[in-house]
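Listing of entry_25.cif, mmCIF, C-alpha atoms and all ligand atoms
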data_target
#
loop_
_atom_site.label_atom_id
_atom_site.label_comp_id
_atom_site.auth_asym_id
_atom_site.auth_seq_id
_atom_site.Cartn_x
_atom_site.Cartn_y
_atom_site.Cartn_z
CA MET Z 1 20.42 -26.08 225.50
CA MET Z 2 23.66 -27.86 226.44
CA ARG Z 3 26.33 -26.18 224.44
CA ARG Z 4 28.78 -28.56 222.77
CA HIS Z 5 32.26 -27.29 222.06
CA TYR Z 6 34.67 -29.13 219.85
CA ASN Z 7 38.25 -29.56 220.95
CA ALA Z 8 40.26 -29.79 217.82
CA ARG Z 9 40.22 -26.98 215.29
CA GLU Z 10 39.61 -29.42 212.45
CA ALA Z 11 36.98 -31.44 214.28
CA VAL Z 12 33.97 -29.30 213.59
CA PHE Z 13 31.80 -31.43 211.35
CA PRO Z 14 34.97 -33.27 210.36
CA ARG Z 15 36.14 -34.31 206.97
CA ALA Z 16 39.76 -35.16 206.24
CA VAL Z 17 41.91 -32.03 206.16
CA GLU Z 18 43.73 -33.37 203.09
CA ALA Z 19 40.44 -33.20 201.24
CA TYR Z 20 40.52 -29.41 201.32
CA ARG Z 21 42.00 -27.47 198.50
CA CYS Z 22 42.17 -23.79 198.00
CA ARG Z 23 38.80 -22.45 196.92
CA GLU Z 24 40.41 -19.67 194.92
CA ASP Z 25 40.00 -19.78 191.19
CA PRO Z 26 43.21 -21.40 189.82
CA SER Z 27 43.78 -18.34 187.62
CA SER Z 28 43.69 -16.02 190.63
CA ALA Z 29 46.73 -13.78 191.03
CA SER Z 30 47.05 -14.90 194.64
CA ASP Z 31 49.44 -17.77 195.31
CA TYR Z 32 48.35 -18.13 198.91
CA CYS Z 33 45.36 -20.01 200.14
CA GLY Z 34 43.89 -19.35 203.58
CA LEU Z 35 40.33 -20.61 203.60
CA PRO Z 36 38.87 -23.17 203.78
CA ILE Z 37 41.61 -24.60 206.01
CA ARG Z 38 43.23 -21.66 207.72
CA LEU Z 39 41.30 -18.72 209.01
CA ALA Z 40 43.28 -16.08 207.20
CA ASN Z 41 42.54 -13.95 204.20
CA PHE Z 42 43.74 -14.75 200.70
CA GLN Z 43 47.05 -13.00 201.28
CA GLY Z 44 47.70 -14.94 204.46
CA ASP Z 45 47.19 -11.77 206.51
CA TYR Z 46 44.74 -11.04 209.27
CA ALA Z 47 44.71 -14.58 210.61
CA CYS Z 48 42.21 -15.24 213.38
CA ALA Z 49 43.26 -16.52 216.81
CA ILE Z 50 44.28 -20.17 216.66
CA ASP Z 51 41.51 -21.36 218.96
CA VAL Z 52 38.72 -19.99 216.79
CA LYS Z 53 36.92 -22.89 215.13
CA VAL Z 54 36.47 -23.47 211.43
CA GLY Z 55 33.04 -24.82 210.51
CA ARG Z 56 32.54 -26.52 207.17
CA PRO Z 57 28.82 -27.25 206.91
CA GLN Z 58 27.58 -29.41 204.09
CA THR Z 59 23.92 -28.41 204.51
CA LYS Z 60 21.84 -25.54 205.83
CA GLU Z 61 20.85 -27.73 208.77
CA GLU Z 62 24.51 -28.00 209.75
CA ILE Z 63 24.81 -24.23 209.59
CA LEU Z 64 21.93 -23.90 212.04
CA GLN Z 65 23.48 -26.54 214.31
CA MET Z 66 26.81 -24.73 214.36
CA ILE Z 67 25.11 -21.46 215.17
CA SER Z 68 23.38 -23.02 218.13
CA TYR Z 69 26.61 -24.53 219.53
CA TYR Z 70 28.76 -21.39 219.56
CA ASP Z 71 28.62 -18.04 221.30
CA SER Z 72 30.02 -16.05 218.47
CA VAL Z 73 29.44 -16.94 214.84
CA LYS Z 74 30.44 -15.42 211.56
CA ALA Z 75 30.22 -16.67 208.00
CA VAL Z 76 33.20 -16.43 205.68
CA GLY Z 77 33.64 -16.99 201.98
CA VAL Z 78 37.09 -17.14 200.44
CA GLY Z 79 38.75 -14.49 202.61
CA HIS Z 80 38.98 -11.59 200.20
CA SER Z 81 38.70 -9.08 203.00
CA TRP Z 82 41.50 -7.10 204.56
CA ASN Z 83 40.47 -6.54 208.07
CA GLN Z 84 40.65 -8.92 211.01
CA GLN Z 85 37.69 -7.35 212.73
CA GLN Z 86 35.51 -7.88 209.69
CA PHE Z 87 36.68 -11.43 209.20
CA CYS Z 88 37.16 -13.25 212.53
CA SER Z 89 34.20 -14.40 214.60
CA GLY Z 90 36.00 -14.05 217.91
CA ILE Z 91 39.19 -14.76 219.77
CA ASN Z 92 38.69 -18.12 221.47
CA SER Z 93 37.13 -21.54 221.11
CA SER Z 94 33.62 -20.28 221.75
CA ALA Z 95 33.77 -18.60 218.35
CA ILE Z 96 33.32 -20.23 214.97
CA ASN Z 97 33.76 -19.06 211.40
CA ILE Z 98 31.46 -20.92 209.04
CA VAL Z 99 32.96 -21.48 205.59
CA MET Z 100 30.18 -21.04 203.05
CA THR Z 101 31.96 -22.62 200.09
CA GLU Z 102 31.70 -26.06 201.71
CA LEU Z 103 28.01 -26.78 201.25
CA THR Z 104 27.86 -29.96 199.19
CA SER Z 105 26.17 -28.55 196.10
CA THR Z 106 28.15 -25.29 196.19
CA LEU Z 107 31.43 -27.16 196.52
CA ALA Z 108 30.57 -29.54 193.67
CA LEU Z 109 29.98 -26.53 191.42
CA ILE Z 110 33.22 -24.81 192.50
CA GLU Z 111 35.23 -27.95 191.87
CA LYS Z 112 33.60 -28.61 188.53
CA PRO Z 113 31.85 -25.56 187.09
CA GLN Z 114 28.94 -26.56 184.87
CA TYR Z 115 26.02 -24.83 183.25
CA PRO Z 116 22.92 -27.04 183.17
CA LYS Z 117 19.71 -25.40 181.99
CA PRO Z 118 17.31 -25.89 183.44
CA ALA Z 119 19.16 -27.08 186.54
CA SER Z 120 18.02 -29.82 188.90
CA ALA Z 121 16.45 -28.66 192.16
CA ASP Z 122 19.63 -29.27 194.18
CA PHE Z 123 21.79 -27.13 191.89
CA PRO Z 124 23.00 -24.04 193.83
CA ILE Z 125 21.92 -21.58 191.12
CA GLN Z 126 18.33 -21.47 189.88
CA VAL Z 127 17.25 -19.24 187.01
CA ASN Z 128 13.57 -18.55 186.40
CA GLU Z 129 13.17 -17.11 182.92
CA GLY Z 130 9.47 -16.52 183.48
CA THR Z 131 10.15 -14.01 186.25
CA LEU Z 132 13.69 -13.07 185.11
CA THR Z 133 15.09 -13.98 188.51
CA VAL Z 134 18.00 -15.97 189.86
CA THR Z 135 18.44 -17.55 193.28
CA ALA Z 136 21.90 -18.65 194.38
CA GLN Z 137 23.57 -20.11 197.44
CA ALA Z 138 25.69 -17.59 199.31
CA GLY Z 139 28.95 -19.55 198.96
CA VAL Z 140 28.86 -19.50 195.16
CA PRO Z 141 31.74 -17.38 193.87
CA GLN Z 142 30.60 -14.37 191.88
CA ARG Z 143 32.71 -15.47 188.89
CA ILE Z 144 30.83 -18.77 188.71
CA LEU Z 145 27.44 -17.06 189.02
CA LEU Z 146 28.34 -14.65 186.20
CA ASP Z 147 29.62 -17.49 184.00
CA TYR Z 148 26.50 -19.50 184.70
CA LEU Z 149 24.22 -16.59 183.78
CA ALA Z 150 26.24 -15.81 180.65
CA ASN Z 151 25.91 -19.43 179.54
CA TYR Z 152 22.17 -19.43 180.13
CA THR Z 153 21.44 -18.67 176.49
CA THR Z 154 17.92 -19.29 175.24
CA PRO Z 155 15.77 -17.98 172.39
CA LEU Z 156 14.54 -15.39 174.88
CA ALA Z 157 18.06 -14.40 175.90
CA PRO Z 158 20.49 -15.19 173.06
CA MET Z 159 23.45 -13.74 174.98
CA GLY Z 160 22.37 -15.14 178.33
CA TYR Z 161 21.86 -13.14 181.50
CA SER Z 162 24.01 -11.08 183.84
CA LEU Z 163 23.94 -9.20 187.11
CA PRO Z 164 23.05 -5.53 186.65
CA ALA Z 165 26.52 -4.43 187.78
CA PHE Z 166 29.23 -6.38 189.49
CA THR Z 167 32.36 -5.84 191.53
CA TRP Z 168 35.82 -4.87 190.51
CA TYR Z 169 37.22 -8.37 190.97
CA ILE Z 170 34.92 -11.32 191.00
CA ASP Z 171 36.47 -14.22 192.88
CA GLN Z 172 34.75 -13.55 196.18
CA THR Z 173 31.57 -15.39 197.20
CA ILE Z 174 28.31 -13.60 196.47
CA GLY Z 175 27.38 -13.81 200.17
CA GLY Z 176 30.64 -12.11 201.16
CA ALA Z 177 30.36 -9.50 198.44
CA VAL Z 178 26.80 -8.58 199.45
CA ALA Z 179 27.57 -8.62 203.18
CA THR Z 180 30.37 -6.09 202.67
CA GLY Z 181 28.56 -3.83 200.23
CA SER Z 182 31.12 -4.69 197.55
CA HIS Z 183 30.76 -2.78 194.31
CA GLY Z 184 32.38 -2.06 191.02
CA SER Z 185 31.84 1.25 189.28
CA SER Z 186 28.43 2.39 188.12
CA LEU Z 187 26.26 5.45 188.55
CA TRP Z 188 23.18 3.56 187.35
CA TYR Z 189 23.42 0.82 189.94
CA GLY Z 190 24.70 0.59 193.47
CA GLY Z 191 26.79 -2.32 194.69
CA LEU Z 192 25.67 -5.93 194.74
CA ALA Z 193 23.72 -5.53 197.99
CA SER Z 194 21.50 -2.86 196.46
CA GLN Z 195 20.62 -5.12 193.50
CA VAL Z 196 19.61 -8.13 195.59
CA VAL Z 197 15.88 -8.20 196.33
CA ARG Z 198 15.65 -10.98 198.89
CA ILE Z 199 18.13 -12.45 201.37
CA GLU Z 200 17.72 -15.69 203.28
CA MET Z 201 19.68 -15.57 206.50
CA ALA Z 202 20.34 -18.01 209.35
CA LEU Z 203 19.86 -16.08 212.59
CA ALA Z 204 21.36 -16.54 216.01
CA ASN Z 205 18.14 -18.00 217.37
CA GLY Z 206 18.59 -20.97 215.06
CA THR Z 207 15.97 -20.05 212.47
CA LEU Z 208 16.11 -19.17 208.80
CA ALA Z 209 14.56 -15.81 207.96
CA ASN Z 210 13.86 -14.00 204.71
CA PHE Z 211 14.43 -10.30 204.34
CA SER Z 212 13.12 -8.00 201.64
CA GLU Z 213 12.16 -4.37 201.36
CA SER Z 214 8.43 -5.13 201.22
CA ARG Z 215 8.49 -7.31 204.36
CA ASN Z 216 10.33 -4.88 206.61
CA ALA Z 217 12.28 -2.04 205.06
CA HIS Z 218 14.13 -1.26 208.29
CA LEU Z 219 15.50 -4.77 208.79
CA TRP Z 220 16.14 -5.05 205.07
CA HIS Z 221 18.42 -2.02 205.01
CA ALA Z 222 20.37 -3.52 207.89
CA ALA Z 223 20.48 -7.02 206.42
CA GLN Z 224 21.62 -5.87 202.98
CA VAL Z 225 25.10 -4.97 204.25
CA GLY Z 226 25.70 -6.64 207.61
CA VAL Z 227 29.41 -7.59 207.44
CA GLY Z 228 28.50 -10.97 208.93
CA ARG Z 229 27.22 -9.37 212.15
CA LEU Z 230 23.52 -10.03 211.72
CA GLY Z 231 23.52 -13.65 210.67
CA VAL Z 232 24.74 -16.08 208.04
CA ILE Z 233 23.44 -15.30 204.55
CA THR Z 234 22.46 -18.63 203.02
CA GLU Z 235 20.72 -17.62 199.81
CA LEU Z 236 20.33 -14.55 197.62
CA PHE Z 237 17.69 -13.60 195.09
CA TRP Z 238 18.13 -11.16 192.17
CA PHE Z 239 16.28 -9.87 189.16
CA VAL Z 240 18.61 -10.46 186.23
CA PRO Z 241 18.76 -8.47 183.01
CA GLN Z 242 19.56 -10.04 179.66
CA ALA Z 243 23.19 -9.71 178.74
CA TYR Z 244 23.94 -7.40 175.83
CA ALA Z 245 27.05 -6.24 174.05
CA TYR Z 246 28.00 -2.60 174.24
CA LYS Z 247 30.84 -0.40 173.22
CA VAL Z 248 32.35 2.17 175.56
CA SER Z 249 32.63 5.42 173.65
CA ALA Z 250 33.03 8.04 176.35
CA ALA Z 251 36.10 8.94 178.36
CA LEU Z 252 36.15 10.70 181.71
CA TYR Z 253 38.78 13.19 182.62
CA PHE Z 254 39.41 14.60 186.06
CA GLU Z 255 41.30 17.81 186.35
CA GLY Z 256 44.49 16.85 188.14
CA SER Z 257 43.92 13.14 187.69
CA ASP Z 258 47.45 12.68 186.34
CA ASN Z 259 48.76 14.06 189.60
CA ILE Z 260 46.56 11.72 191.57
CA THR Z 261 47.60 8.60 189.71
CA ASN Z 262 51.27 9.46 189.25
CA SER Z 263 51.92 10.30 192.88
CA PHE Z 264 51.50 6.73 194.04
CA ALA Z 265 53.42 3.53 193.44
CA THR Z 266 50.32 2.00 191.89
CA PRO Z 267 47.76 4.10 190.02
CA ALA Z 268 44.70 5.14 191.96
CA LEU Z 269 41.60 3.14 191.19
CA ILE Z 270 38.72 5.56 190.63
CA ARG Z 271 35.19 4.23 190.92
CA PHE Z 272 31.64 5.57 191.07
CA LEU Z 273 28.79 4.27 193.13
CA ALA Z 274 25.09 5.15 192.89
CA ALA Z 275 23.24 6.01 196.12
CA GLU Z 276 22.22 3.01 198.24
CA ASP Z 277 19.68 2.37 200.98
CA ALA Z 278 21.70 -0.16 203.00
CA TYR Z 279 22.42 1.50 206.33
CA ILE Z 280 26.15 0.94 206.44
CA SER Z 281 26.85 1.25 202.75
CA VAL Z 282 29.45 3.91 202.10
CA ALA Z 283 27.00 5.29 199.51
CA ASN Z 284 24.07 5.42 201.93
CA GLY Z 285 21.83 8.25 200.77
CA GLU Z 286 24.03 9.75 198.09
CA PRO Z 287 26.25 8.73 195.18
CA GLN Z 288 29.98 8.57 195.80
CA ILE Z 289 33.27 8.77 193.98
CA LEU Z 290 35.71 6.28 195.50
CA LEU Z 291 39.45 6.79 195.20
CA ASN Z 292 41.54 3.78 196.05
CA PHE Z 293 45.15 4.50 197.02
CA GLU Z 294 47.61 1.85 198.09
CA ASP Z 295 50.19 2.71 200.72
CA ASP Z 296 52.74 0.23 199.42
CA LEU Z 297 55.59 1.56 201.53
CA SER Z 298 54.04 0.85 204.88
CA GLU Z 299 52.34 -2.30 203.59
CA ILE Z 300 55.52 -3.87 202.24
CA PHE Z 301 58.28 -2.32 204.37
CA HIS Z 302 56.24 -1.57 207.49
CA LYS Z 303 57.63 1.96 207.47
CA GLU Z 304 55.71 5.07 208.22
CA ASN Z 305 54.87 6.81 204.96
CA ALA Z 306 54.62 10.49 205.86
CA PRO Z 307 54.14 11.83 202.29
CA PHE Z 308 51.28 9.38 201.77
CA GLN Z 309 49.65 10.48 205.01
CA ALA Z 310 50.08 14.10 203.99
CA ILE Z 311 48.24 13.52 200.71
CA ILE Z 312 45.44 11.62 202.42
CA SER Z 313 45.22 14.43 204.91
CA ILE Z 314 44.66 16.93 202.06
CA PHE Z 315 41.79 14.81 200.74
CA VAL Z 316 40.22 14.54 204.17
CA LYS Z 317 40.77 18.07 205.45
CA GLN Z 318 40.54 20.16 202.30
CA CYS Z 319 38.21 18.12 200.11
CA GLY Z 320 35.88 16.76 202.79
CA ALA Z 321 36.71 13.15 201.90
CA ARG Z 322 36.31 10.39 204.45
CA LEU Z 323 38.19 7.14 204.80
CA HIS Z 324 36.25 3.99 203.98
CA TRP Z 325 35.18 2.47 207.29
CA SER Z 326 36.22 -1.02 206.32
CA LYS Z 327 39.55 -0.92 204.61
CA ALA Z 328 42.78 -2.17 206.06
CA GLY Z 329 44.45 0.48 208.09
CA TRP Z 330 41.47 2.63 208.96
CA PRO Z 331 41.89 2.27 212.71
CA THR Z 332 45.46 3.52 212.42
CA GLN Z 333 44.67 6.59 210.37
CA GLU Z 334 43.72 8.91 213.17
CA PRO Z 335 43.29 11.89 212.96
CA CYS Z 336 42.28 11.38 209.30
CA TYR Z 337 39.85 8.65 210.27
CA ASN Z 338 37.07 9.91 212.46
CA GLY Z 339 34.25 7.41 212.44
CA VAL Z 340 32.01 9.45 214.71
CA ALA Z 341 32.10 12.41 212.38
CA HIS Z 342 32.25 10.57 209.08
CA PHE Z 343 29.84 7.69 209.63
CA PRO Z 344 27.67 8.93 212.50
CA THR Z 345 24.78 6.54 212.02
CA HIS Z 346 26.63 3.41 210.99
CA GLY Z 347 27.57 1.89 214.32
CA VAL Z 348 24.35 2.81 216.05
CA THR Z 349 22.08 1.61 213.27
CA LEU Z 350 23.64 -1.78 212.80
CA ALA Z 351 23.99 -2.40 216.52
CA ALA Z 352 20.29 -1.64 216.97
CA GLN Z 353 19.32 -3.98 214.17
CA SER Z 354 21.64 -6.67 215.40
CA ARG Z 355 19.88 -6.67 218.74
CA SER Z 356 16.47 -6.98 217.18
CA LEU Z 357 17.61 -9.83 214.97
CA THR Z 358 19.67 -11.76 217.47
CA PRO Z 359 17.82 -12.14 220.74
CA ALA Z 360 20.30 -14.62 222.15
CA GLN Z 361 23.83 -13.68 223.10
CA MET Z 362 25.25 -14.90 219.85
CA HIS Z 363 26.85 -12.75 217.23
CA ALA Z 364 28.37 -11.06 220.23
CA GLN Z 365 30.49 -9.08 217.85
CA THR Z 366 27.81 -6.45 217.54
CA ALA Z 367 30.05 -4.36 219.72
CA VAL Z 368 32.73 -4.44 217.09
CA ILE Z 369 30.57 -2.67 214.56
CA VAL Z 370 30.03 0.05 217.11
CA ALA Z 371 33.80 0.37 217.10
CA LEU Z 372 33.39 1.70 213.59
CA ALA Z 373 32.30 4.89 215.23
CA PRO Z 374 34.81 5.84 217.93
CA ALA Z 375 38.16 6.88 216.56
CA ARG Z 376 40.91 5.38 218.66
C1 LIG I 401 33.73 -3.88 204.06
C2 LIG I 401 34.42 -4.32 202.80
C3 LIG I 401 34.07 -3.71 201.62
C4 LIG I 401 34.60 -4.17 200.42
N1 LIG I 401 34.23 -3.54 199.30
C5 LIG I 401 34.66 -4.02 198.10
C6 LIG I 401 34.24 -3.41 196.90
O1 LIG I 401 33.54 -2.43 196.94
N2 LIG I 401 34.58 -3.96 195.73
C7 LIG I 401 35.36 -5.07 195.66
O2 LIG I 401 35.64 -5.53 194.56
N3 LIG I 401 35.81 -5.65 196.79
C8 LIG I 401 35.48 -5.15 198.00
N4 LIG I 401 35.89 -5.76 199.16
C9 LIG I 401 36.64 -7.00 199.06
C10 LIG I 401 35.73 -8.21 198.86
O3 LIG I 401 34.79 -8.01 197.83
C11 LIG I 401 34.95 -8.49 200.12
O4 LIG I 401 35.82 -8.63 201.21
C12 LIG I 401 34.12 -9.75 200.04
O5 LIG I 401 33.36 -9.85 201.21
C13 LIG I 401 34.99 -10.92 199.97
O6 LIG I 401 34.17 -12.05 199.88
P1 LIG I 401 34.63 -13.36 200.54
O7 LIG I 401 33.70 -14.40 200.04
O8 LIG I 401 36.07 -13.58 200.33
O9 LIG I 401 34.31 -13.02 202.07
P2 LIG I 401 35.27 -13.06 203.34
O10 LIG I 401 36.48 -12.24 203.13
O11 LIG I 401 35.49 -14.49 203.68
O12 LIG I 401 34.33 -12.33 204.39
C14 LIG I 401 34.19 -10.92 204.31
C15 LIG I 401 33.09 -10.43 205.19
O13 LIG I 401 31.83 -10.89 204.68
C16 LIG I 401 31.13 -11.63 205.67
N5 LIG I 401 30.48 -12.76 205.01
C17 LIG I 401 31.03 -13.62 204.10
N6 LIG I 401 30.12 -14.52 203.72
C18 LIG I 401 28.98 -14.23 204.40
C19 LIG I 401 27.68 -14.82 204.46
N7 LIG I 401 27.35 -15.88 203.72
N8 LIG I 401 26.78 -14.28 205.31
C20 LIG I 401 27.07 -13.21 206.08
N9 LIG I 401 28.27 -12.61 206.05
C21 LIG I 401 29.22 -13.11 205.23
C22 LIG I 401 32.19 -12.10 206.64
O14 LIG I 401 31.65 -12.33 207.91
C23 LIG I 401 33.17 -10.96 206.63
O15 LIG I 401 32.72 -9.95 207.50
C24 LIG I 401 35.48 -5.26 200.40
C25 LIG I 401 35.90 -5.83 201.60
C26 LIG I 401 35.37 -5.37 202.80
C27 LIG I 401 35.83 -5.99 204.10
#

Can you dump the structure from the file as structure tokens?
Amino acid sequence: MMRRHYNAREAVFPRAVEAYRCREDPSSASDYCGLPIRLANFQGDYACAIDVKVGRPQTKEEILQMISYYDSVKAVGVGHSWNQQQFCSGINSSAINIVMTELTSTLALIEKPQYPKPASADFPIQVNEGTLTVTAQAGVPQRILLDYLANYTTPLAPMGYSLPAFTWYIDQTIGGAVATGSHGSSLWYGGLASQVVRIEMALANGTLANFSESRNAHLWHAAQVGVGRLGVITELFWFVPQAYAYKVSAALYFEGSDNITNSFATPALIRFLAAEDAYISVANGEPQILLNFEDDLSEIFHKENAPFQAIISIFVKQCGARLHWSKAGWPTQEPCYNGVAHFPTHGVTLAAQSRSLTPAQMHAQTAVIVALAPAR
């Protein structure tokens, strides 16, 4: 096929640039907007190379067209990630990031949230009360999906529905949250990707495919958390429980937790995650406790923060902790970060799956996921 490249950054399936507004929820703490105009995350960091194209498809067909025109393709949501390698599709004009919030029906819902029940067939969220399932377009922000489910009150579900467990903050798209294995804190459920039971994905060969555990468990475990490397998630399918009110009556106490939280500029965020099957989930195979520490000194003042590094080093060397493979800064944390030792199967598994799913040369970024393994 003759490959068609677009010259101007804004010219990919053009609509007036002025028509784009920030897709962040207006109440979001962030006062910066990257997507859908600029390829940068919500903080304005990790911008992609200027030549990389921004695709704003209005339909699934346009997504497939864009995939077939470009060598390297990656979907993006609202840019709530903190890592250029996870976010950018490439470094030049043969690469395109496809903005999933721009599909016509998704965008209409983002701009004017509404809760029809039942919804018309072109509505981006479809609840089936008979089977207790929900299907949603990948660009729908998680907040809107949760609001929609909560408002879906019926005699059968007087408090509406919900997702089994959701993430810590909820303004990212559901496609982005699933693709990154995003999670909140729960030992009953894993992250969003482990709750989804079917994923529709646009592949590099220009087709739409459906993945589920029963069709092919191996591909499913790769597709569940693919960080945009395996294809563009277009639709997601969940079983949804009825919402119910509950009261938290237990408190957890960690010996030494005061020391952990007080030693940092911002308190550590402590979360739990049930074991997951997705190959590159950080909880693959066994439940995890996740400790989130912010290195504000080097983040804000760009200064080396030796005491911070020393504490992280204690966690890694004395407690057997490992750094999360995706978070900002991991490539710079050597010797604490050792991908080969800490995530031995991650790079290999996803690279293998990526090859079987993407026969053409697209999604050339497979190699990047392999870079999860070698420490630099
Ligand atoms: C690896 C990782 C793990 C994270 N874990 C958590 C967490 O546990 N809890 C939490 O609250 N937040 C977490 N975050 C932050 C946030 O939830 C995620 O970054 C989430 O992906 C942001 O969604 P977004 O719509 O802004 O996606 P973007 O930031 O725009 O994209 C993030 C990644 O998801 C891929 N992606 C986005 N949409 C699609 C799609 N439709 N199809 C295929 N791939 C897609 C992109 O290619 C990119 O690799 C994590 C971030 C990263 C990078």

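Restricting the calculation to all atoms listed in the file, the smallest distance between ligand LIG 401 (chain I) and any of Z:Gln58, Z:Thr154, Z:Asn205, Z:Ser281 is found for Z:Ser281.
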
_At a cut-off of 6 Å around ligand LIG 401 (chain I), and using only C-alpha atoms and all ligand atoms, what residues come up? Please write them as a VMD selection string._
chain Z and resid 74 to 82 86 to 87 100 138 167 to 169 172 to 173 175 to 177 179 to 184 227 to 228 231 to 234 326

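Note that CA of Tyr152 (chain Z) and CA of Ala136 (chain Z) are 14.3 Å apart.
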
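Distance-wise, CA of Glu213 (chain Z) and CA of Ala274 (chain Z) end up 18.2 Å apart.
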
*Would you work out the distance separating CA of Leu269 (chain Z) from CA of Leu290 (chain Z), expressed in Å to one decimal?*
7.9 Å

*Near-region 186-188 of chain Z list (12 Å; only C-alpha atoms; drop same-chain fewer than 4 positions) as number ranges by chain*: Z: 164-168, 192, 194-195, 270-276, 283, 286-290

*Go through Z:Asp147, Z:Asp277, Z:Asp45, Z:Glu102 and flag the residue nearest Tyr20 (chain Z), using all atoms listed in the file for the distances.*
Z:Glu102

*Could you list as a count of residues only every residue that has an atom within 10 Å of (14.7, -8.6, 187.2), using the file's coordinates and counting all atoms listed in the file?*
16

*Point out the residue among Z:Ala16, Z:Ala222, Z:Ala121, Z:Met201 with the least atom-to-atom distance to Val348 (chain Z), counting all atoms listed in the file.*
Z:Ala222

*Take the point (28.9, -28.9, 199.5) as written in the file and pick out every residue within 12 Å of it, counting all atoms listed in the file; give the list as a PyMOL selection string.*
chain Z and resi 15+20+56-60+62-63+99-112+122-124+137-140

_Long-range neighbours of Ile96 (chain Z) as a ChimeraX atom specification, 8 Å cut-off, only C-alpha atoms, 4 positions minimum in chain_ = /Z:52-55,66,70,72-74,89-90

*Taking into account only C-alpha atoms, which residue in the set Z:Ser93, Z:Leu236, Z:Ser185, Z:Asn216 is nearest to Leu145 (chain Z)?*
Z:Leu236

_Taking all atoms listed in the file into account, name the residue in Z:Ile67, Z:Cys336, Z:Ala150, Z:Ile125 that is nearest to His324 (chain Z)._
Z:Cys336
